[in-house]
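Note: the block below is entry_29.txt and it holds compact mmCIF, C-alpha atoms.
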```txt
# COMPACT_ATOMS: atom_id res chain seq x y z
CA MET P 347 26.30 -8.63 -1.17
CA GLU P 348 24.37 -5.99 -3.03
CA VAL P 349 20.67 -5.23 -2.85
CA GLU P 350 18.81 -3.08 -5.33
CA LEU P 351 16.10 -0.87 -3.89
CA LEU P 352 13.65 0.19 -6.57
CA TYR P 353 11.54 3.23 -5.75
CA ASP P 354 9.60 6.10 -7.23
CA MET P 355 8.71 8.32 -4.28
CA PRO P 356 11.02 7.72 -1.32
CA ARG P 357 9.28 7.96 2.04
CA LEU P 358 10.47 7.40 5.60
CA GLU P 359 10.14 3.63 5.04
CA GLU P 360 12.58 3.62 2.12
CA LYS P 361 15.07 5.73 4.07
CA LEU P 362 14.88 3.35 7.03
CA LEU P 363 15.44 0.40 4.71
CA ILE P 364 18.47 2.04 3.11
CA GLU P 365 19.88 2.76 6.58
CA SER P 366 19.30 -0.83 7.77
CA LEU P 367 20.85 -2.32 4.63
CA ARG P 368 23.96 -0.18 5.07
CA GLN P 369 24.18 -0.92 8.79
CA ARG P 370 24.38 -4.60 7.92
CA ASN P 371 27.20 -3.87 5.47
CA LEU P 372 25.15 -4.53 2.37
CA GLU P 373 25.81 -2.53 -0.77
CA VAL P 374 22.69 -0.62 -1.82
CA GLN P 375 21.92 0.18 -5.41
CA LEU P 376 19.20 2.81 -5.57
CA THR P 377 17.05 2.79 -8.69
CA ASN P 378 14.43 5.46 -9.29
CA VAL P 379 12.13 3.69 -11.74
CA ASN P 380 10.86 7.00 -13.08
CA THR P 381 14.29 8.08 -14.23
CA THR P 382 16.05 4.76 -14.93
CA PRO P 383 15.06 2.46 -17.81
CA LEU P 384 14.85 -1.20 -16.73
CA LEU P 385 16.24 -3.59 -19.31
CA ILE P 386 14.14 -6.76 -19.14
CA GLY P 387 16.41 -9.61 -18.10
CA GLU P 388 19.24 -7.42 -16.86
CA ALA P 389 20.41 -8.57 -13.45
CA ALA P 390 21.36 -5.68 -11.26
CA THR P 391 21.73 -7.59 -7.99
CA GLU P 392 20.75 -10.91 -6.40
CA VAL P 393 17.83 -9.33 -4.58
CA ALA P 394 15.60 -6.49 -5.69
CA LEU P 395 13.57 -4.80 -2.99
CA VAL P 396 10.54 -3.30 -4.69
CA ARG P 397 9.33 -0.18 -2.87
CA VAL P 398 7.45 1.51 -5.69
CA VAL P 399 4.29 3.38 -4.70
CA SER P 400 2.62 3.02 -8.09
CA MET P 401 1.17 -0.51 -8.16
CA GLN P 402 1.59 -0.94 -11.92
CA LYS P 403 5.16 0.31 -11.87
CA ALA P 404 5.94 -1.97 -8.92
CA ILE P 405 4.72 -5.03 -10.84
CA TYR P 406 6.75 -4.08 -13.93
CA SER P 407 9.85 -3.34 -11.83
CA ALA P 408 9.71 -6.77 -10.18
CA ALA P 409 9.00 -8.58 -13.44
CA SER P 410 11.86 -6.99 -15.34
CA ARG P 411 14.33 -7.99 -12.61
CA GLU P 412 12.86 -11.50 -12.22
CA ALA P 413 13.55 -12.02 -15.92
CA ALA P 414 17.23 -12.16 -14.99
CA GLY P 415 16.73 -14.58 -12.13
CA THR P 416 16.78 -11.88 -9.48
CA THR P 417 14.69 -12.50 -6.37
CA ALA P 418 12.21 -9.66 -6.15
CA ILE P 419 10.68 -8.86 -2.77
CA ASN P 420 7.86 -8.92 -3.38
CA SER P 421 7.54 -10.90 -6.60
CA SER P 422 5.59 -9.50 -9.53
CA THR P 423 2.88 -12.13 -8.99
CA THR P 424 2.49 -11.21 -5.34
CA LEU P 425 2.34 -7.51 -6.19
CA MET P 426 -0.25 -8.18 -8.87
CA PHE P 427 -2.52 -10.13 -6.51
CA CYS P 428 -2.09 -7.72 -3.61
CA GLY P 429 -2.48 -4.60 -5.74
CA ASP P 430 -5.95 -5.48 -6.96
CA LYS P 431 -8.62 -6.10 -4.33
CA ILE P 432 -10.72 -8.26 -6.64
CA LEU P 433 -7.77 -10.55 -7.32
CA THR P 434 -6.84 -10.64 -3.61
CA LEU P 435 -10.36 -11.43 -2.40
CA SER P 436 -10.89 -14.04 -5.11
CA ARG P 437 -7.64 -15.79 -4.33
CA LEU P 438 -8.23 -15.78 -0.56
CA LYS P 439 -11.81 -16.99 -0.98
CA ALA P 440 -10.70 -19.77 -3.33
CA GLU P 441 -8.38 -21.04 -0.60
CA GLY P 442 -11.17 -21.06 1.96
CA LEU P 443 -10.32 -17.96 3.97
CA LYS P 444 -13.15 -15.92 5.41
CA VAL P 445 -13.47 -12.59 3.57
CA PRO P 446 -16.32 -10.06 3.67
CA ARG P 447 -19.05 -10.95 1.19
CA SER P 448 -17.99 -9.03 -1.91
CA MET P 449 -19.45 -8.43 -5.34
CA VAL P 450 -17.86 -7.06 -8.51
CA VAL P 451 -19.96 -4.46 -10.33
CA MET P 452 -18.71 -3.54 -13.78
CA GLY P 453 -21.62 -1.73 -15.34
CA ALA P 454 -24.33 0.70 -14.32
CA GLU P 455 -26.96 -1.88 -15.31
CA SER P 456 -25.81 -4.27 -12.60
CA ALA P 457 -25.60 -1.60 -9.91
CA ASP P 458 -29.23 -1.76 -8.82
CA ALA P 459 -29.09 -5.53 -8.48
CA ALA P 460 -25.99 -5.23 -6.32
CA TYR P 461 -27.61 -2.53 -4.20
CA ASN P 462 -30.64 -4.72 -3.55
CA GLN P 463 -28.52 -7.70 -2.51
CA PHE P 464 -26.65 -5.98 0.32
CA THR P 465 -27.79 -4.90 3.75
CA LYS P 466 -27.26 -1.17 4.24
CA PRO P 467 -24.84 0.29 4.91
CA PHE P 468 -22.38 -1.46 2.60
CA VAL P 469 -18.89 -0.55 1.47
CA ASP P 470 -18.00 0.50 -2.07
CA LYS P 471 -14.42 0.81 -3.28
CA PRO P 472 -12.42 0.53 -6.48
CA PRO P 473 -10.20 -2.55 -6.90
CA ILE P 474 -7.01 -0.47 -6.88
CA GLY P 475 -5.64 2.23 -4.62
CA SER P 476 -4.91 2.68 -0.94
CA TRP P 477 -5.14 5.05 1.98
CA GLY P 478 -8.95 4.90 1.93
CA ARG P 479 -9.23 6.75 -1.40
CA LEU P 480 -12.71 6.48 -2.94
CA VAL P 481 -13.84 4.08 -0.22
CA THR P 482 -17.46 4.91 0.59
CA LEU P 483 -19.97 3.74 3.14
CA VAL P 484 -23.22 3.57 1.19
CA ARG P 485 -26.25 4.07 3.43
CA ASP P 486 -28.99 4.76 0.89
CA LYS P 487 -29.83 4.83 -2.79
CA ALA P 488 -29.12 8.54 -3.18
CA THR P 489 -25.52 8.01 -2.01
CA TRP P 490 -25.21 4.94 -4.23
CA ARG P 491 -26.34 6.88 -7.32
CA SER P 492 -23.83 9.65 -6.56
CA VAL P 493 -21.01 7.15 -6.16
CA LEU P 494 -21.92 5.47 -9.46
CA GLU P 495 -22.11 8.80 -11.26
CA HIS P 496 -18.77 10.03 -9.94
CA ARG P 497 -16.92 6.83 -10.66
CA GLN P 498 -18.42 6.58 -14.16
CA MET P 499 -16.70 9.89 -14.97
CA MET P 500 -13.26 8.40 -14.41
CA GLN P 501 -11.04 7.47 -17.32
CA SER P 502 -9.63 4.27 -15.90
CA GLN P 503 -11.62 1.06 -16.28
CA GLN P 504 -10.34 -0.07 -12.90
CA LEU P 505 -11.66 3.04 -11.21
CA ARG P 506 -15.03 2.53 -12.94
CA THR P 507 -15.19 -0.97 -11.46
CA HIS P 508 -16.79 -1.37 -8.04
CA VAL P 509 -16.08 -3.79 -5.24
CA VAL P 510 -19.29 -3.85 -3.25
CA GLN P 511 -18.72 -5.36 0.15
CA GLU P 512 -20.72 -6.14 3.26
CA TYR P 513 -19.96 -3.76 6.10
CA ILE P 514 -18.41 -5.64 8.99
CA GLU P 515 -19.37 -3.99 12.30
CA SER P 516 -15.84 -3.72 13.62
CA GLY P 517 -16.36 -0.70 15.86
CA GLY P 518 -14.15 1.59 13.77
CA ARG P 519 -11.08 -0.59 14.14
CA ASP P 520 -9.14 -3.15 12.18
CA ILE P 521 -6.11 -5.31 12.82
CA ARG P 522 -2.95 -4.96 10.79
CA ALA P 523 -0.35 -7.72 10.98
CA ILE P 524 3.01 -7.76 9.21
CA VAL P 525 4.50 -10.96 7.86
CA ILE P 526 8.15 -11.28 6.88
CA GLY P 527 9.46 -14.54 5.45
CA GLY P 528 6.72 -16.73 6.89
CA GLU P 529 6.73 -15.16 10.33
CA VAL P 530 4.26 -12.72 11.86
CA ILE P 531 6.51 -10.07 13.38
CA GLY P 532 3.67 -8.24 15.15
CA ALA P 533 0.26 -6.65 14.88
CA VAL P 534 -1.48 -3.41 15.68
CA VAL P 535 -5.04 -2.23 15.93
CA ARG P 536 -5.87 0.77 13.77
CA LYS P 537 -8.68 2.95 15.09
CA SER P 538 -10.63 5.54 13.19
CA VAL P 539 -10.72 9.01 14.67
CA GLY P 540 -13.63 11.42 15.14
CA ASP P 541 -16.40 11.13 12.58
CA GLU P 542 -14.19 9.24 10.10
CA TRP P 543 -15.23 5.56 9.82
CA ARG P 544 -12.13 4.48 7.86
CA THR P 545 -9.11 3.41 9.88
CA ASN P 546 -6.33 4.34 7.44
CA ILE P 547 -3.32 6.07 9.00
CA ALA P 548 -3.35 8.45 6.02
CA LEU P 549 -6.77 9.59 7.23
CA GLY P 550 -5.64 10.14 10.81
CA GLY P 551 -6.21 6.59 12.13
CA LYS P 552 -4.37 5.77 15.37
CA THR P 553 -2.43 2.59 16.07
CA GLU P 554 -2.00 0.53 19.22
CA PRO P 555 0.01 -2.66 19.60
CA ILE P 556 -1.85 -5.92 20.21
CA LYS P 557 -0.75 -9.42 21.04
CA VAL P 558 -0.72 -11.75 18.06
CA ASN P 559 -3.02 -14.57 19.07
CA GLY P 560 -3.15 -17.94 17.35
CA GLU P 561 -6.06 -17.03 15.09
CA ILE P 562 -4.50 -13.79 13.84
CA ALA P 563 -1.20 -15.57 13.25
CA GLU P 564 -2.81 -18.43 11.36
CA LEU P 565 -4.90 -16.13 9.15
CA SER P 566 -1.94 -13.88 8.40
CA LEU P 567 0.40 -16.72 7.53
CA ARG P 568 -2.19 -18.41 5.35
CA ALA P 569 -2.82 -15.16 3.48
CA ALA P 570 0.91 -14.59 3.02
CA LYS P 571 1.34 -18.10 1.66
CA ILE P 572 -1.61 -17.79 -0.71
CA VAL P 573 -0.27 -14.61 -2.33
CA GLY P 574 3.36 -15.75 -2.05
CA GLY P 575 4.27 -12.69 -0.01
CA GLU P 576 7.74 -12.38 1.53
CA PHE P 577 6.98 -9.00 3.08
CA ILE P 578 3.33 -8.07 3.36
CA SER P 579 0.81 -6.54 5.69
CA ILE P 580 -2.60 -8.03 6.26
CA ASP P 581 -5.73 -6.14 7.26
CA ILE P 582 -8.22 -8.11 9.33
CA LEU P 583 -11.70 -7.03 10.43
CA GLU P 584 -13.18 -8.39 13.64
CA ASP P 585 -16.97 -8.46 13.81
CA LYS P 586 -17.66 -6.93 17.22
CA ARG P 587 -20.97 -8.79 17.48
CA ASN P 588 -19.54 -12.30 17.36
CA GLY P 589 -15.74 -11.94 17.30
CA GLN P 590 -15.39 -13.53 13.86
CA LEU P 591 -12.34 -12.48 11.88
CA TYR P 592 -12.46 -11.52 8.20
CA LEU P 593 -9.44 -11.04 5.98
CA ASN P 594 -9.98 -7.76 4.19
CA GLU P 595 -6.88 -6.67 2.32
CA VAL P 596 -3.28 -7.70 1.74
CA ASN P 597 -0.62 -5.08 0.96
CA GLY P 598 2.38 -5.92 -1.20
CA VAL P 599 4.39 -2.73 -0.58
CA PRO P 600 3.51 -2.17 3.07
CA GLU P 601 3.99 1.09 4.85
CA PHE P 602 5.10 0.64 8.43
CA LYS P 603 5.59 4.04 10.09
CA GLY P 604 2.50 3.72 12.30
CA PHE P 605 3.26 0.06 13.04
CA MET P 606 6.82 0.88 14.16
CA GLU P 607 5.68 3.75 16.36
CA ALA P 608 3.10 1.57 18.08
CA THR P 609 5.10 -1.62 18.51
CA GLY P 610 8.70 -0.41 18.65
CA ILE P 611 9.55 -3.22 16.22
CA ASN P 612 12.22 -2.19 13.71
CA VAL P 613 10.44 -3.46 10.61
CA ALA P 614 13.17 -2.28 8.24
CA ASP P 615 15.82 -4.23 10.11
CA GLU P 616 13.62 -7.33 10.37
CA LEU P 617 13.20 -7.23 6.59
CA VAL P 618 16.91 -6.73 5.97
CA LYS P 619 17.70 -9.73 8.21
CA HIS P 620 15.28 -11.76 6.09
CA ILE P 621 16.90 -10.57 2.87
CA VAL P 622 20.29 -11.73 4.12
CA SER P 623 18.84 -15.15 4.93
CA VAL P 624 17.23 -15.39 1.47
CA VAL P 625 20.55 -14.80 -0.24
CA ARG P 626 22.34 -17.34 1.95
CA ARG P 627 19.80 -20.09 1.24
CA MET O 655 21.56 21.62 3.89
CA PRO O 656 21.17 22.97 0.32
CA GLU O 657 18.50 25.48 -0.55
CA LEU O 658 16.54 25.20 -3.79
CA LYS O 659 14.05 27.50 -5.41
CA CYS O 660 10.33 26.80 -5.17
CA PRO O 661 8.96 26.78 -8.76
CA VAL O 662 5.61 28.08 -7.53
CA CYS O 663 6.47 31.11 -5.37
CA LEU O 664 10.22 31.34 -6.12
CA GLY O 665 10.90 31.22 -2.38
CA SER O 666 13.70 29.18 -0.84
CA VAL O 667 13.26 25.53 0.21
CA LYS O 668 15.78 23.74 2.44
CA ILE O 669 16.52 20.17 1.34
CA PRO O 670 18.24 17.59 3.60
CA ASP O 671 21.67 16.44 2.44
CA ASP O 672 20.49 12.83 2.09
CA ALA O 673 17.38 13.66 0.03
CA LEU O 674 16.71 11.31 -2.87
CA ASP O 675 15.33 12.07 -6.31
CA GLY O 676 11.58 11.64 -6.25
CA GLU O 677 11.26 12.73 -2.63
CA LEU O 678 8.37 15.05 -1.86
CA PHE O 679 8.58 18.28 0.08
CA GLU O 680 5.90 20.68 1.17
CA HIS O 681 6.93 24.30 0.90
CA GLU O 682 5.68 25.78 4.14
CA GLU O 683 5.55 29.34 2.80
CA CYS O 684 3.24 28.69 -0.15
CA GLY O 685 1.93 25.18 0.57
CA ALA O 686 3.09 23.70 -2.75
CA GLN O 687 3.85 19.97 -2.93
CA LEU O 688 7.24 19.70 -4.60
CA GLU O 689 9.29 16.81 -5.99
CA LEU O 690 13.08 16.73 -6.01
CA VAL O 691 14.51 15.82 -9.43
CA THR O 692 17.88 15.95 -11.14
CA SER O 693 17.80 17.85 -14.41
CA ASN O 694 20.91 18.32 -16.56
CA GLY O 695 23.04 17.33 -13.59
CA SER O 696 21.46 19.83 -11.22
CA ARG O 697 18.98 19.21 -8.46
CA VAL O 698 15.77 21.18 -8.83
CA LEU O 699 12.27 21.16 -7.43
CA ARG O 700 9.19 20.75 -9.59
CA LEU O 701 5.49 20.71 -8.79
CA ALA O 702 4.67 17.16 -7.68
CA GLU O 703 2.28 14.93 -9.59
CA GLU O 704 -1.11 14.56 -7.97
CA VAL O 705 -1.72 11.25 -6.22
CA GLY O 706 -1.81 8.59 -8.93
CA GLU O 707 -4.83 6.31 -9.19
CA ASP O 708 -2.73 3.20 -8.49
CA TRP O 709 -0.60 4.67 -5.72
CA GLY O 710 -0.71 2.82 -2.47
CA GLU O 711 0.59 -0.07 -0.45
```
If you convert what's in this file into structure tokens, what do you get?
Amino acid sequence: MEVELLYDMPRLEEKLLIESLRQRNLEVQLTNVNTTPLLIGEAATEVALVRVVSMQKAIYSAASREAAGTTAINSSTTLMFCGDKILTLSRLKAEGLKVPRSMVVMGAESADAAYNQFTKPFVDKPPIGSWGRLVTLVRDKATWRSVLEHRQMMQSQQLRTHVVQEYIESGGRDIRAIVIGGEVIGAVVRKSVGDEWRTNIALGGKTEPIKVNGEIAELSLRAAKIVGGEFISIDILEDKRNGQLYLNEVNGVPEFKGFMEATGINVADELVKHIVSVVRR
Amino acid sequence: MPELKCPVCLGSVKIPDDALDGELFEHEECGAQLELVTSNGSRVLRLAEEVGEDWGE
């Protein structure tokens, strides 16, 4: 059996996946999507593992392989919904999951109205991107005006769009669970460090393993099902005042270095085992 | 472990044998972020693209 791994910027995760695929005697076809044209409808392999860092390129990579009947993990639809926070939140909310109260602001004229409707501080972020980039905690109008001005200078319409979100008092921590093939394989708590309020590992956030309780498992599995994710990570905020859980983000090309270090779970191998089972179905 | 030339400072950069095209390396001597690419059949380093707006998980 052969698996295609599509990538643009190979990281430790991709190398671990390649190693796990080979250890299980699977042929690996490596495709750098920046240097290889993808013929729409050309089947390279039965399964295409999409590990492309650029969200748009990831969606196109999956779609072009799906056109030949290839199973893409994740599918182009999943990647599209996970890659855009407005689409993710809307989809989760539509299915009745608890998400932070969020508002879409697409023009400077609506910014004041949004500001007045949220308790301060609130969170502002663009619908695309990761690693905490451009995510701001807005405490006052002066900060809000600066954020609006800076984002208005950007070329991309998506980066000029704001997701304004209530700030959940989570004590500088969030929960990250990983779901593979309808099973929660584990969860960690990510904690912000020093004076940084964001918990992203890319910003120095630290991880600790936690037990997956029933509520975390149920939320994670529901989110995975809603976006059709075969291999996703789910970020959950816990309100420290009342213990309520909010689904915040769903990642379609999850990184798992920090998760592996904290839990000792070999995520790459768990995914490869799932891929083998998908092909044998 | 092959050594390639840094396009910024022209110093030497060691690349692991199993490195893949597209992989990023930081040149410790000059701090440049470099990307491994194959050009005309040869492996070379070029200055890496800045983080793209849609890069992420």
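Coordinates place atom CA of Asp708 of chain O at a distance of 22.6 Å from atom CA of Asp520 of chain P.
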Practice task
Using all atoms listed in the file, determine which residues lie at most 8 Å from Pro661 of chain O, disregarding the query and same-chain residues fewer than 5 positions distant; provide the list as a VMD selection string.
Solution key: chain O and resid 699 to 701
Separating atom CA of Val618 of chain P from atom CA of Leu443 of chain P, to the nearest tenth of an Å, is a gap of 29.5 Å
Using only C-alpha atoms, the best pick from P:Gln369, P:Gln511, P:Ser579, P:Gln375 as closest to Tyr353 of chain P would be P:Gln375
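Between atom CA of Glu682 of chain O and atom CA of Cys660 of chain O lies a distance of 10.5 Å.
Proximity to chain O at a cut-off of 9 Å picks out Tyr353, Asp354, Met355, Pro356, Arg357, Asn378, Asn380, Thr381, Val398, Val399, Ser400, Met401, Gln402, Cys428, Gly429, Ile474, Gly475, Ser476, Trp477, Arg479, Ser502, Leu505, Ser579, Val596, Asn597, Gly598, Val599, Pro600 and Glu601 of chain P on chain P, counting only C-alpha atoms.
Candidate residues P:Leu617, P:Leu376, P:Ala454, P:Ala414 were compared for distance to Met499 of chain P, and the nearest is P:Ala454, using only C-alpha atoms.
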